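A.B. asks: Input target04.tsv, format and content: TSV, C-alpha atoms.
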chain	number	residue	atom	x	y	z
G	215	MET	CA	-1.88	42.30	-12.96
G	216	SER	CA	-0.18	43.33	-9.74
G	217	ALA	CA	-3.65	43.85	-8.27
G	218	LEU	CA	-4.50	40.21	-8.97
G	219	LEU	CA	-1.23	39.05	-7.45
G	220	LEU	CA	-1.31	41.18	-4.31
G	221	HIS	CA	-4.99	41.42	-3.51
G	222	PRO	CA	-6.87	38.75	-1.59
G	223	TRP	CA	-9.39	36.78	-3.65
G	224	PRO	CA	-13.10	37.29	-2.92
G	225	TRP	CA	-15.06	34.27	-1.68
G	226	TYR	CA	-16.87	33.76	-5.00
G	227	VAL	CA	-13.54	33.25	-6.76
G	228	ALA	CA	-11.74	31.33	-4.01
G	229	GLY	CA	-14.61	28.93	-3.20
G	230	PRO	CA	-15.13	27.40	-6.67
G	231	VAL	CA	-11.35	27.13	-7.20
G	232	ILE	CA	-10.91	25.29	-3.87
G	233	GLY	CA	-13.77	22.95	-4.85
G	234	LEU	CA	-11.98	21.91	-8.04
G	235	PHE	CA	-8.91	20.36	-6.36
G	236	ALA	CA	-10.74	17.17	-5.33
G	237	PRO	CA	-11.88	16.30	-8.89
G	238	LEU	CA	-8.51	17.39	-10.33
G	239	LEU	CA	-6.54	14.98	-8.13
G	240	LEU	CA	-9.03	12.18	-8.78
G	241	TRP	CA	-8.75	12.75	-12.52
G	242	LEU	CA	-4.95	12.98	-12.48
G	243	GLY	CA	-4.42	9.62	-10.82
G	244	ASN	CA	-7.24	8.45	-8.54
G	245	ARG	CA	-5.77	10.48	-5.69
G	246	LEU	CA	-7.97	11.44	-2.76
G	247	PHE	CA	-7.56	15.10	-1.84
G	248	GLY	CA	-6.71	15.24	1.87
G	249	VAL	CA	-3.83	17.04	3.54
G	250	SER	CA	-3.80	15.45	7.00
G	251	SER	CA	-2.67	12.05	5.67
G	252	ASN	CA	0.70	13.74	5.35
G	253	LEU	CA	1.01	13.97	9.13
G	254	ARG	CA	0.67	10.18	9.15
G	255	HIS	CA	3.14	9.77	6.27
G	256	LEU	CA	5.67	12.00	8.04
G	257	CYS	CA	5.25	9.99	11.26
G	258	ALA	CA	5.64	6.75	9.31
G	259	ALA	CA	8.78	8.16	7.69
G	260	ILE	CA	10.57	9.32	10.83
G	261	GLY	CA	8.69	7.75	13.76
G	262	PRO	CA	9.82	4.73	15.75
G	263	ARG	CA	8.80	1.40	14.24
G	264	GLY	CA	6.36	-1.14	15.58
G	265	LEU	CA	3.03	0.70	15.51
G	266	PRO	CA	0.60	-0.98	13.08
G	267	TYR	CA	-1.01	2.37	12.15
G	268	LEU	CA	2.38	3.67	10.98
G	269	SER	CA	3.76	0.48	9.41
G	270	TYR	CA	3.19	0.79	5.68
G	271	ASP	CA	5.11	1.85	2.60
G	272	TRP	CA	4.80	5.62	3.07
G	273	ARG	CA	6.79	6.40	-0.09
G	274	ARG	CA	4.41	4.40	-2.26
G	275	GLU	CA	1.20	5.43	-0.48
G	276	GLY	CA	2.07	9.00	0.33
G	277	GLY	CA	4.81	10.13	-2.05
G	278	TRP	CA	2.39	12.06	-4.24
G	279	ASN	CA	0.74	13.68	-1.20
G	280	LEU	CA	4.06	14.73	0.34
G	281	ALA	CA	4.91	16.37	-2.99
G	282	PHE	CA	1.49	18.06	-2.84
G	283	VAL	CA	2.10	19.41	0.68
G	284	ALA	CA	5.58	20.62	-0.30
G	285	GLY	CA	3.74	22.50	-3.04
G	286	ILE	CA	1.40	24.08	-0.46
G	287	LEU	CA	4.47	25.38	1.36
G	288	VAL	CA	5.90	26.86	-1.87
G	289	GLY	CA	2.47	28.34	-2.68
G	290	GLY	CA	2.50	29.97	0.77
G	291	VAL	CA	5.91	31.49	0.00
G	292	LEU	CA	4.63	32.89	-3.31
G	293	ALA	CA	1.23	34.17	-2.19
G	294	GLY	CA	2.04	35.08	1.40
G	295	LEU	CA	5.61	36.35	1.17
G	296	VAL	CA	6.61	37.32	-2.39
G	297	PHE	CA	3.18	38.66	-3.38
G	298	ARG	CA	2.07	39.45	0.15
G	299	ASN	CA	-1.11	41.46	0.64
G	300	PRO	CA	0.15	44.63	2.36
G	301	GLU	CA	-3.27	45.44	3.85
G	302	PRO	CA	-4.59	43.98	7.13
G	303	ILE	CA	-7.18	41.21	6.68
G	304	ALA	CA	-10.57	42.86	6.24
G	305	ILE	CA	-12.40	41.10	9.07
G	306	SER	CA	-15.59	42.59	10.47
G	307	ASP	CA	-15.52	45.29	13.13
G	308	ALA	CA	-17.45	42.99	15.46
G	309	THR	CA	-14.63	40.41	15.30
G	310	ARG	CA	-12.02	43.12	15.82
G	311	SER	CA	-13.66	44.30	19.02
G	312	ALA	CA	-14.27	40.74	20.23
G	313	LEU	CA	-10.58	39.96	19.73
G	314	ALA	CA	-9.49	43.28	21.24
G	315	ALA	CA	-11.43	42.27	24.34
G	316	LEU	CA	-9.23	39.16	24.45
G	317	GLY	CA	-6.14	41.35	24.35
G	318	ILE	CA	-5.33	41.17	20.62
G	319	HIS	CA	-4.47	44.54	19.06
G	320	ASP	CA	-2.16	43.80	16.12
G	321	PHE	CA	-4.28	43.03	13.04
G	322	THR	CA	-1.57	43.51	10.42
G	323	GLY	CA	-0.66	39.94	9.38
G	324	LEU	CA	-2.41	36.70	8.46
G	325	VAL	CA	-2.19	35.70	12.14
G	326	PRO	CA	-1.93	37.83	15.29
G	327	ARG	CA	1.78	38.44	15.83
G	328	GLU	CA	1.19	38.86	19.55
G	329	LEU	CA	0.29	35.16	19.76
G	330	PHE	CA	2.10	33.42	16.89
G	331	ALA	CA	5.72	34.44	17.17
G	332	TRP	CA	8.84	32.59	18.32
G	333	SER	CA	8.84	34.72	21.47
G	334	SER	CA	5.45	33.19	22.40
G	335	LEU	CA	7.26	29.94	23.13
G	336	THR	CA	8.69	31.48	26.29
G	337	THR	CA	5.16	31.57	27.75
G	338	LEU	CA	2.80	28.81	28.82
G	339	ARG	CA	0.06	30.60	26.88
G	340	GLY	CA	2.07	30.35	23.66
G	341	TRP	CA	2.74	26.63	24.18
G	342	LEU	CA	-0.93	25.94	24.89
G	343	LEU	CA	-1.98	27.78	21.72
G	344	ILE	CA	0.68	26.61	19.30
G	345	GLY	CA	1.84	23.28	20.77
G	346	GLY	CA	-1.47	22.31	22.38
G	347	GLY	CA	-3.56	23.47	19.43
G	348	GLY	CA	-1.30	21.67	16.97
G	349	PHE	CA	-1.47	18.49	19.03
G	350	LEU	CA	-5.30	18.57	19.06
G	351	VAL	CA	-5.33	19.10	15.29
G	352	GLY	CA	-3.00	16.14	14.70
G	353	PHE	CA	-4.71	13.82	17.18
G	354	GLY	CA	-8.22	14.80	16.13
G	355	THR	CA	-7.62	14.43	12.42
G	356	ALA	CA	-6.03	11.00	12.83
G	357	TYR	CA	-8.89	9.85	15.08
G	358	ALA	CA	-11.52	11.26	12.70
G	359	GLY	CA	-9.69	9.88	9.67
G	360	GLY	CA	-9.50	13.20	7.85
G	361	CYS	CA	-9.46	16.97	8.15
G	362	THR	CA	-11.21	19.90	6.49
G	363	SER	CA	-9.91	18.79	3.08
G	364	GLY	CA	-10.31	15.00	3.34
G	365	HIS	CA	-13.70	15.02	5.07
G	366	GLY	CA	-14.87	18.59	4.51
G	367	ILE	CA	-14.32	18.56	0.76
G	368	THR	CA	-13.48	15.09	-0.60
G	369	GLY	CA	-15.79	13.12	1.71
G	370	VAL	CA	-18.65	15.58	1.30
G	371	ALA	CA	-18.14	15.66	-2.49
G	372	ASN	CA	-18.43	11.86	-2.46
G	373	LEU	CA	-21.58	12.23	-0.31
G	374	GLU	CA	-20.22	10.15	2.59
G	375	THR	CA	-22.24	10.20	5.81
G	376	PRO	CA	-19.10	9.84	8.01
G	377	SER	CA	-17.72	13.04	6.51
G	378	PHE	CA	-20.89	14.99	7.31
G	379	VAL	CA	-20.64	13.73	10.91
G	380	ALA	CA	-16.96	14.73	11.04
G	381	LEU	CA	-17.76	18.18	9.59
G	382	ALA	CA	-20.39	18.70	12.30
G	383	GLY	CA	-17.73	17.68	14.83
G	384	PHE	CA	-15.21	20.15	13.36
G	385	PHE	CA	-17.68	22.96	13.82
G	386	ALA	CA	-18.84	21.88	17.29
G	387	GLY	CA	-15.21	21.70	18.42
G	388	GLY	CA	-14.47	25.03	16.78
G	389	LEU	CA	-17.30	26.75	18.63
G	390	LEU	CA	-16.22	25.17	21.92
G	391	GLY	CA	-12.64	26.23	21.20
G	392	THR	CA	-13.59	29.79	20.29
G	393	PHE	CA	-16.01	30.53	23.11
G	394	VAL	CA	-14.60	28.39	25.96
G	395	LEU	CA	-11.02	27.22	25.43
G	396	LEU	CA	-9.54	30.31	23.74
G	397	PRO	CA	-10.81	32.88	26.29
G	398	LEU	CA	-9.60	30.52	29.03
G	399	VAL	CA	-6.11	30.21	27.56
G	400	LEU	CA	-5.79	33.90	26.65
G	401	GLY	CA	-7.31	35.09	29.92
G	402	ALA	CA	-5.71	32.80	32.45
G	403	PHE	CA	-2.16	32.76	31.05
G	404	ARG	CA	-1.70	36.36	29.96
T	113	MET	CA	-22.60	2.28	-14.92
T	114	THR	CA	-19.69	2.64	-17.36
T	115	PRO	CA	-20.56	5.14	-20.09
T	116	ALA	CA	-20.12	4.26	-23.74
T	117	ALA	CA	-17.09	6.51	-24.08
T	118	GLY	CA	-15.43	4.60	-21.26
T	119	VAL	CA	-15.99	1.27	-23.01
T	120	GLU	CA	-14.40	2.58	-26.16
T	121	ARG	CA	-11.41	3.73	-24.23
T	122	ASP	CA	-11.23	0.30	-22.58
T	123	VAL	CA	-10.92	-1.32	-25.99
T	124	GLU	CA	-8.28	1.03	-27.28
T	125	ARG	CA	-6.21	0.66	-24.16
T	126	ARG	CA	-6.21	-3.14	-23.98
T	127	PRO	CA	-3.19	-3.70	-26.24
T	128	ARG	CA	-1.24	-1.05	-24.37
T	129	SER	CA	-1.96	-2.74	-21.04
T	130	SER	CA	-0.83	-6.07	-22.39
T	131	THR	CA	2.59	-4.62	-23.18
T	132	PHE	CA	2.87	-3.94	-19.46
T	133	GLY	CA	1.95	-7.53	-18.67
T	134	VAL	CA	-0.54	-7.23	-15.82
T	135	ALA	CA	-2.80	-4.18	-16.15
T	136	PRO	CA	-1.09	-1.53	-14.02
T	137	SER	CA	-3.14	-0.27	-11.10
T	138	ARG	CA	-2.11	3.34	-11.72
T	139	GLY	CA	-2.44	3.28	-15.51
T	140	PRO	CA	0.18	3.75	-18.18
T	141	TYR	CA	0.07	7.54	-17.81
T	142	ALA	CA	0.55	7.78	-14.06
T	143	PRO	CA	1.71	11.39	-13.59
T	144	GLY	CA	5.05	12.08	-11.95
T	145	LEU	CA	5.48	13.64	-8.54
T	146	TRP	CA	6.20	17.06	-10.06
T	147	ILE	CA	2.57	17.28	-11.23
T	148	TYR	CA	1.41	16.92	-7.64
T	149	LEU	CA	3.99	19.47	-6.53
T	150	LEU	CA	2.58	21.87	-9.12
T	151	VAL	CA	-1.03	21.24	-8.08
T	152	GLY	CA	0.07	21.72	-4.46
T	153	ILE	CA	1.61	25.09	-5.34
T	154	LEU	CA	-1.68	26.17	-6.96
T	155	PHE	CA	-3.58	25.00	-3.88
T	156	GLY	CA	-1.17	26.82	-1.56
T	157	ILE	CA	-1.57	30.04	-3.54
T	158	THR	CA	-5.36	29.62	-3.54
T	159	ILE	CA	-5.79	29.09	0.21
T	160	THR	CA	-3.37	31.90	1.00
T	161	LYS	CA	-5.05	34.41	-1.32
T	162	ALA	CA	-8.45	33.19	-0.11
T	163	GLU	CA	-7.30	34.05	3.44
T	164	VAL	CA	-8.69	30.75	4.75
T	165	ILE	CA	-5.28	30.28	6.40
T	166	SER	CA	-5.82	33.42	8.47
T	167	TRP	CA	-6.44	33.01	12.21
T	168	PHE	CA	-8.54	36.20	12.00
T	169	ARG	CA	-10.83	34.74	9.30
T	170	ILE	CA	-11.31	31.53	11.30
T	171	GLN	CA	-12.26	33.56	14.38
T	172	GLU	CA	-14.68	35.64	12.29
T	173	MET	CA	-16.25	32.41	11.03
T	174	PHE	CA	-16.69	30.72	14.41
T	175	ARG	CA	-18.16	33.94	15.80
T	176	PHE	CA	-20.61	34.17	12.84
T	177	GLN	CA	-19.52	37.76	12.27
T	178	GLY	CA	-18.64	37.68	8.58
T	179	PHE	CA	-19.75	36.01	5.37
T	180	HIS	CA	-16.32	35.37	3.76
T	181	MET	CA	-15.66	31.82	5.03
T	182	PHE	CA	-19.29	30.76	4.67
T	183	GLY	CA	-19.31	32.11	1.12
T	184	ILE	CA	-16.26	29.97	0.39
T	185	PHE	CA	-17.88	26.83	1.83
T	186	ALA	CA	-21.15	27.60	0.06
T	187	THR	CA	-19.39	27.75	-3.32
T	188	ALA	CA	-16.57	25.20	-2.79
T	189	LEU	CA	-18.84	22.36	-1.64
T	190	PRO	CA	-21.38	22.45	-4.52
T	191	THR	CA	-18.48	22.79	-6.98
T	192	ALA	CA	-16.74	19.77	-5.45
T	193	ILE	CA	-19.94	17.69	-5.20
T	194	VAL	CA	-21.06	18.33	-8.79
T	195	SER	CA	-17.61	17.93	-10.33
T	196	VAL	CA	-16.72	14.75	-8.42
T	197	GLN	CA	-20.10	13.16	-9.13
T	198	LEU	CA	-19.84	14.07	-12.84
T	199	LEU	CA	-16.29	12.71	-12.94
T	200	LYS	CA	-17.37	9.43	-11.33
T	201	ARG	CA	-20.67	8.89	-13.15
T	202	ARG	CA	-20.19	10.49	-16.59
T	203	TRP	CA	-16.50	10.70	-17.35
T	204	GLY	CA	-15.54	7.69	-15.24
T	205	ARG	CA	-11.84	7.57	-16.11
T	206	THR	CA	-8.61	9.08	-14.92
T	207	LEU	CA	-6.12	10.78	-17.20
T	208	GLY	CA	-4.30	7.44	-17.48
T	209	GLY	CA	-7.50	5.57	-18.39
T	210	ASP	CA	-8.17	3.82	-15.07
T	211	ALA	CA	-11.64	3.62	-13.57
T	212	ILE	CA	-12.20	6.32	-10.96
T	213	VAL	CA	-12.35	4.62	-7.59
T	214	VAL	CA	-13.24	6.37	-4.34
T	215	PRO	CA	-13.10	3.81	-1.53
T	216	PRO	CA	-16.18	4.35	0.67
T	217	LYS	CA	-15.81	5.20	4.35
T	218	THR	CA	-17.68	3.05	6.85
T	219	LEU	CA	-19.70	4.86	9.49
T	220	GLY	CA	-19.71	2.10	12.12
T	221	ARG	CA	-20.82	3.62	15.41
T	222	GLY	CA	-19.55	6.96	14.18
T	223	VAL	CA	-17.72	7.73	17.44
T	224	ARG	CA	-14.42	8.41	15.70
T	225	TYR	CA	-15.98	10.99	13.38
T	226	ALA	CA	-17.94	12.82	16.08
T	227	VAL	CA	-15.28	12.75	18.83
T	228	GLY	CA	-12.23	12.97	16.58
T	229	GLY	CA	-13.91	15.75	14.62
T	230	THR	CA	-14.64	17.71	17.80
T	231	ILE	CA	-11.06	17.35	19.06
T	232	PHE	CA	-9.84	18.53	15.67
T	233	GLY	CA	-12.22	21.51	15.82
T	234	LEU	CA	-10.83	22.55	19.23
T	235	GLY	CA	-7.33	22.63	17.76
T	236	TRP	CA	-8.58	24.43	14.65
T	237	ALA	CA	-10.01	27.23	16.79
T	238	LEU	CA	-6.79	27.59	18.84
T	239	THR	CA	-4.23	27.54	16.03
T	240	GLY	CA	-6.64	29.03	13.49
T	241	ALA	CA	-5.28	26.52	11.02
T	242	CYS	CA	-6.04	23.03	9.80
T	243	PRO	CA	-3.26	20.88	8.27
T	244	GLY	CA	-3.12	22.52	4.81
T	245	PRO	CA	-2.98	26.07	6.18
T	246	LEU	CA	-0.30	25.07	8.71
T	247	PHE	CA	2.06	24.42	5.80
T	248	ALA	CA	0.92	27.50	3.84
T	249	LEU	CA	1.46	29.68	6.93
T	250	LEU	CA	4.95	28.27	7.40
T	251	GLY	CA	5.63	29.22	3.77
T	252	SER	CA	4.13	32.68	4.36
T	253	GLY	CA	6.81	33.38	6.91
T	254	VAL	CA	5.09	32.40	10.17
T	255	GLY	CA	8.06	30.24	11.20
T	256	VAL	CA	6.64	29.27	14.57
T	257	MET	CA	4.01	27.21	12.74
T	258	SER	CA	6.74	24.58	12.35
T	259	VAL	CA	6.23	23.94	16.07
T	260	ALA	CA	2.48	23.53	15.46
T	261	ILE	CA	3.25	21.07	12.64
T	262	ALA	CA	5.64	19.10	14.86
T	263	SER	CA	2.98	19.09	17.60
T	264	ALA	CA	0.38	17.89	15.09
T	265	MET	CA	2.72	15.05	14.11
T	266	LEU	CA	3.10	14.21	17.81
T	267	GLY	CA	-0.71	14.19	18.04
T	268	THR	CA	-0.99	11.78	15.11
T	269	TRP	CA	1.73	9.60	16.60
T	270	THR	CA	-0.08	9.60	19.97
T	271	TYR	CA	-3.23	8.45	18.18
T	272	ALA	CA	-1.21	5.62	16.63
T	273	ARG	CA	-0.11	4.65	20.16
T	274	VAL	CA	-3.55	4.63	21.81
T	275	ARG	CA	-5.62	3.64	18.76
T	276	ASP	CA	-6.48	0.15	20.06
T	277	ARG	CA	-7.92	1.56	23.27
T	278	LEU	CA	-10.17	4.18	21.63
T	279	PRO	CA	-13.79	3.59	20.60
T	280	HIS	CA	-14.26	3.92	16.83
Please lay out the structure from this file as structure tokens.
C.D. replies:
Amino acid sequence: MSALLLHPWPWYVAGPVIGLFAPLLLWLGNRLFGVSSNLRHLCAAIGPRGLPYLSYDWRREGGWNLAFVAGILVGGVLAGLVFRNPEPIAISDATRSALAALGIHDFTGLVPRELFAWSSLTTLRGWLLIGGGGFLVGFGTAYAGGCTSGHGITGVANLETPSFVALAGFFAGGLLGTFVLLPLVLGAFR
Amino acid sequence: MTPAAGVERDVERRPRSSTFGVAPSRGPYAPGLWIYLLVGILFGITITKAEVISWFRIQEMFRFQGFHMFGIFATALPTAIVSVQLLKRRWGRTLGGDAIVVPPKTLGRGVRYAVGGTIFGLGWALTGACPGPLFALLGSGVGVMSVAIASAMLGTWTYARVRDRLPH
């Protein structure tokens, strides 16, 4: 039992389970699985008024989704803190050496502590990674009208051409980010 | 299009709808928010235990150096496609008895999906997290991800500001 709680799930368990959330939410109440809408709902809730994109009844449209994302946070507490996997993530040796070449040596957590810590915010590098990266995620997902869940799973499951285009974009951007932007940020602002 | 079972359910639910006056858009059994909180918790546990929220796993994926993430996509997508299509075409109804409706997306010129998607991908590679994982990581104790979430909200708000001037 403790093994199931503490150990990471293999891909052949995790994948099918992830794929079932889109039909589950549809079946529960015609809800479209997609996390990034919550960024919009949160902006609509606290942002200044007057922008048409953010002027709607966010409680009515997004109440269920905000509850869902609050759940994700609680799930993170349970699976990542209470029942935390004590072992380092078992990434391939090739990735380890590629990342070591970029100056990353701590492989103990879910994310490299050398980059994603409060102390990183005293450096330009940390702001570019965390603030800049977050900004690109929020801007990109709003522009594209969905993220990895809304396009990558729901849109693809509904066989929507726009979602396949968006998914190709996600991957193209990811490759550009990994092989151009990341080495630039980590190298130039050490 | 509507299967026989759906028609039967239509008939049995007509009197119930009439007690609500106009047929409710969310059905008489619209689940409460706590259901979505619960499903969110299950999703948060799943993506954390699946390690898809790990910056290391995302790097491994974009460098094509491991099978884990691709194995997840290769099993999650067929599962989602088959189950959603079955739900729409065969089952056809929600828990509350409403017709399943997935509003279609319009491609248009497709610029927003290609360009917006690429911008999103750049951010995904840097933070190693898309929106769901950002919240799961915050829960997992990576407190600084709150700054990434705030920045993502600023990004969405900026899009709202410049939306009229962008090609879609």
A.B. asks: Please indicate the distance in Å from atom CA of G:Ile286 to atom CA of T:Ile165, rounded to one decimal place.
C.D. replies: 11.4 Å
A.B. asks: Report the closest atom pair, with its distance in Å rounded to one decimal, for each residue of chain T that has an atom no farther than 6 Å from chain G; count all atoms listed in the file, sort by chain and then rising residue number, and write it as JSON lines.
C.D. replies:
{"residue": "T:Leu145", "atom": "CA", "partner": "G:Trp278", "partner_atom": "CA", "distance": 5.5}
{"residue": "T:Tyr148", "atom": "CA", "partner": "G:Phe282", "partner_atom": "CA", "distance": 4.9}
{"residue": "T:Leu149", "atom": "CA", "partner": "G:Gly285", "partner_atom": "CA", "distance": 4.6}
{"residue": "T:Gly152", "atom": "CA", "partner": "G:Gly285", "partner_atom": "CA", "distance": 4.0}
{"residue": "T:Ile153", "atom": "CA", "partner": "G:Gly285", "partner_atom": "CA", "distance": 4.1}
{"residue": "T:Gly156", "atom": "CA", "partner": "G:Ile286", "partner_atom": "CA", "distance": 3.9}
{"residue": "T:Ile157", "atom": "CA", "partner": "G:Gly289", "partner_atom": "CA", "distance": 4.5}
{"residue": "T:Lys161", "atom": "CA", "partner": "G:Pro222", "partner_atom": "CA", "distance": 4.7}
{"residue": "T:Ala162", "atom": "CA", "partner": "G:Trp223", "partner_atom": "CA", "distance": 5.1}
{"residue": "T:Ser166", "atom": "CA", "partner": "G:Leu324", "partner_atom": "CA", "distance": 4.7}
{"residue": "T:Trp167", "atom": "CA", "partner": "G:Val325", "partner_atom": "CA", "distance": 5.0}
{"residue": "T:Glu172", "atom": "CA", "partner": "G:Thr309", "partner_atom": "CA", "distance": 5.6}
{"residue": "T:Phe174", "atom": "CA", "partner": "G:Leu389", "partner_atom": "CA", "distance": 5.8}
{"residue": "T:His180", "atom": "CA", "partner": "G:Trp225", "partner_atom": "CA", "distance": 5.7}
{"residue": "T:Gly183", "atom": "CA", "partner": "G:Trp225", "partner_atom": "CA", "distance": 5.5}
{"residue": "T:Ile184", "atom": "CA", "partner": "G:Gly229", "partner_atom": "CA", "distance": 4.1}
{"residue": "T:Thr187", "atom": "CA", "partner": "G:Gly229", "partner_atom": "CA", "distance": 4.9}
{"residue": "T:Ala188", "atom": "CA", "partner": "G:Gly233", "partner_atom": "CA", "distance": 4.1}
{"residue": "T:Thr191", "atom": "CA", "partner": "G:Gly233", "partner_atom": "CA", "distance": 5.2}
{"residue": "T:Ala192", "atom": "CA", "partner": "G:Gly233", "partner_atom": "CA", "distance": 4.4}
{"residue": "T:Ile193", "atom": "CA", "partner": "G:Ala371", "partner_atom": "CA", "distance": 3.8}
{"residue": "T:Val196", "atom": "CA", "partner": "G:Pro237", "partner_atom": "CA", "distance": 5.1}
{"residue": "T:Thr206", "atom": "CA", "partner": "G:Trp241", "partner_atom": "CA", "distance": 4.4}
{"residue": "T:Leu207", "atom": "CA", "partner": "G:Leu242", "partner_atom": "CA", "distance": 5.3}
{"residue": "T:Ile212", "atom": "CA", "partner": "G:Asn244", "partner_atom": "CA", "distance": 5.9}
{"residue": "T:Leu219", "atom": "CA", "partner": "G:Pro376", "partner_atom": "CA", "distance": 5.2}
{"residue": "T:Arg224", "atom": "CA", "partner": "G:Ala358", "partner_atom": "CA", "distance": 5.1}
{"residue": "T:Tyr225", "atom": "CA", "partner": "G:Ala380", "partner_atom": "CA", "distance": 4.5}
{"residue": "T:Ala226", "atom": "CA", "partner": "G:Gly383", "partner_atom": "CA", "distance": 5.0}
{"residue": "T:Gly228", "atom": "CA", "partner": "G:Ala358", "partner_atom": "CA", "distance": 4.3}
{"residue": "T:Gly229", "atom": "CA", "partner": "G:Gly383", "partner_atom": "CA", "distance": 4.3}
{"residue": "T:Thr230", "atom": "CA", "partner": "G:Gly387", "partner_atom": "CA", "distance": 4.1}
{"residue": "T:Ile231", "atom": "CA", "partner": "G:Gly354", "partner_atom": "CA", "distance": 4.8}
{"residue": "T:Phe232", "atom": "CA", "partner": "G:Gly354", "partner_atom": "CA", "distance": 4.1}
{"residue": "T:Gly233", "atom": "CA", "partner": "G:Gly387", "partner_atom": "CA", "distance": 4.0}
{"residue": "T:Leu234", "atom": "CA", "partner": "G:Gly387", "partner_atom": "CA", "distance": 4.5}
{"residue": "T:Gly235", "atom": "CA", "partner": "G:Gly347", "partner_atom": "CA", "distance": 4.2}
{"residue": "T:Ala237", "atom": "CA", "partner": "G:Gly388", "partner_atom": "CA", "distance": 5.0}
{"residue": "T:Leu238", "atom": "CA", "partner": "G:Gly347", "partner_atom": "CA", "distance": 5.3}
{"residue": "T:Thr239", "atom": "CA", "partner": "G:Gly347", "partner_atom": "CA", "distance": 5.3}
{"residue": "T:Pro243", "atom": "CA", "partner": "G:Ser250", "partner_atom": "CA", "distance": 5.6}
{"residue": "T:Gly244", "atom": "CA", "partner": "G:Val249", "partner_atom": "CA", "distance": 5.7}
{"residue": "T:Phe247", "atom": "CA", "partner": "G:Leu287", "partner_atom": "CA", "distance": 5.1}
{"residue": "T:Ala248", "atom": "CA", "partner": "G:Gly290", "partner_atom": "CA", "distance": 4.2}
{"residue": "T:Gly251", "atom": "CA", "partner": "G:Gly290", "partner_atom": "CA", "distance": 4.4}
{"residue": "T:Ser252", "atom": "CA", "partner": "G:Gly294", "partner_atom": "CA", "distance": 4.3}
{"residue": "T:Val256", "atom": "CA", "partner": "G:Trp332", "partner_atom": "CA", "distance": 5.5}
{"residue": "T:Ala260", "atom": "CA", "partner": "G:Gly348", "partner_atom": "CA", "distance": 4.5}
{"residue": "T:Ser263", "atom": "CA", "partner": "G:Phe349", "partner_atom": "CA", "distance": 4.7}
{"residue": "T:Ala264", "atom": "CA", "partner": "G:Gly352", "partner_atom": "CA", "distance": 3.8}
{"residue": "T:Met265", "atom": "CA", "partner": "G:Leu253", "partner_atom": "CA", "distance": 5.4}
{"residue": "T:Gly267", "atom": "CA", "partner": "G:Phe353", "partner_atom": "CA", "distance": 4.1}
{"residue": "T:Thr268", "atom": "CA", "partner": "G:Phe353", "partner_atom": "CA", "distance": 4.7}
{"residue": "T:Tyr271", "atom": "CA", "partner": "G:Phe353", "partner_atom": "CA", "distance": 5.7}
{"residue": "T:Ala272", "atom": "CA", "partner": "G:Tyr267", "partner_atom": "CA", "distance": 5.5}
A.B. asks: How would the residues just chosen look if you wrote them out with C-alpha atoms as a compact mmCIF listing (two decimals), in the coordinates of the input?
C.D. replies:
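As a result, selection.txt now contains:
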# COMPACT_ATOMS: atom_id res chain seq x y z
CA LEU T 145 5.48 13.64 -8.54
CA TYR T 148 1.41 16.92 -7.64
CA LEU T 149 3.99 19.47 -6.53
CA GLY T 152 0.07 21.72 -4.46
CA ILE T 153 1.61 25.09 -5.34
CA GLY T 156 -1.17 26.82 -1.56
CA ILE T 157 -1.57 30.04 -3.54
CA LYS T 161 -5.05 34.41 -1.32
CA ALA T 162 -8.45 33.19 -0.11
CA SER T 166 -5.82 33.42 8.47
CA TRP T 167 -6.44 33.01 12.21
CA GLU T 172 -14.68 35.64 12.29
CA PHE T 174 -16.69 30.72 14.41
CA HIS T 180 -16.32 35.37 3.76
CA GLY T 183 -19.31 32.11 1.12
CA ILE T 184 -16.26 29.97 0.39
CA THR T 187 -19.39 27.75 -3.32
CA ALA T 188 -16.57 25.20 -2.79
CA THR T 191 -18.48 22.79 -6.98
CA ALA T 192 -16.74 19.77 -5.45
CA ILE T 193 -19.94 17.69 -5.20
CA VAL T 196 -16.72 14.75 -8.42
CA THR T 206 -8.61 9.08 -14.92
CA LEU T 207 -6.12 10.78 -17.20
CA ILE T 212 -12.20 6.32 -10.96
CA LEU T 219 -19.70 4.86 9.49
CA ARG T 224 -14.42 8.41 15.70
CA TYR T 225 -15.98 10.99 13.38
CA ALA T 226 -17.94 12.82 16.08
CA GLY T 228 -12.23 12.97 16.58
CA GLY T 229 -13.91 15.75 14.62
CA THR T 230 -14.64 17.71 17.80
CA ILE T 231 -11.06 17.35 19.06
CA PHE T 232 -9.84 18.53 15.67
CA GLY T 233 -12.22 21.51 15.82
CA LEU T 234 -10.83 22.55 19.23
CA GLY T 235 -7.33 22.63 17.76
CA ALA T 237 -10.01 27.23 16.79
CA LEU T 238 -6.79 27.59 18.84
CA THR T 239 -4.23 27.54 16.03
CA PRO T 243 -3.26 20.88 8.27
CA GLY T 244 -3.12 22.52 4.81
CA PHE T 247 2.06 24.42 5.80
CA ALA T 248 0.92 27.50 3.84
CA GLY T 251 5.63 29.22 3.77
CA SER T 252 4.13 32.68 4.36
CA VAL T 256 6.64 29.27 14.57
CA ALA T 260 2.48 23.53 15.46
CA SER T 263 2.98 19.09 17.60
CA ALA T 264 0.38 17.89 15.09
CA MET T 265 2.72 15.05 14.11
CA GLY T 267 -0.71 14.19 18.04
CA THR T 268 -0.99 11.78 15.11
CA TYR T 271 -3.23 8.45 18.18
CA ALA T 272 -1.21 5.62 16.63
A.B. asks: Using all atoms listed in the file, which residues sit within 8 Å of T:Val164 once same-chain residues fewer than 5 positions away are excluded, as JSON, numbers by chain?
C.D. replies: {"T": [159, 169, 170, 181, 245]}
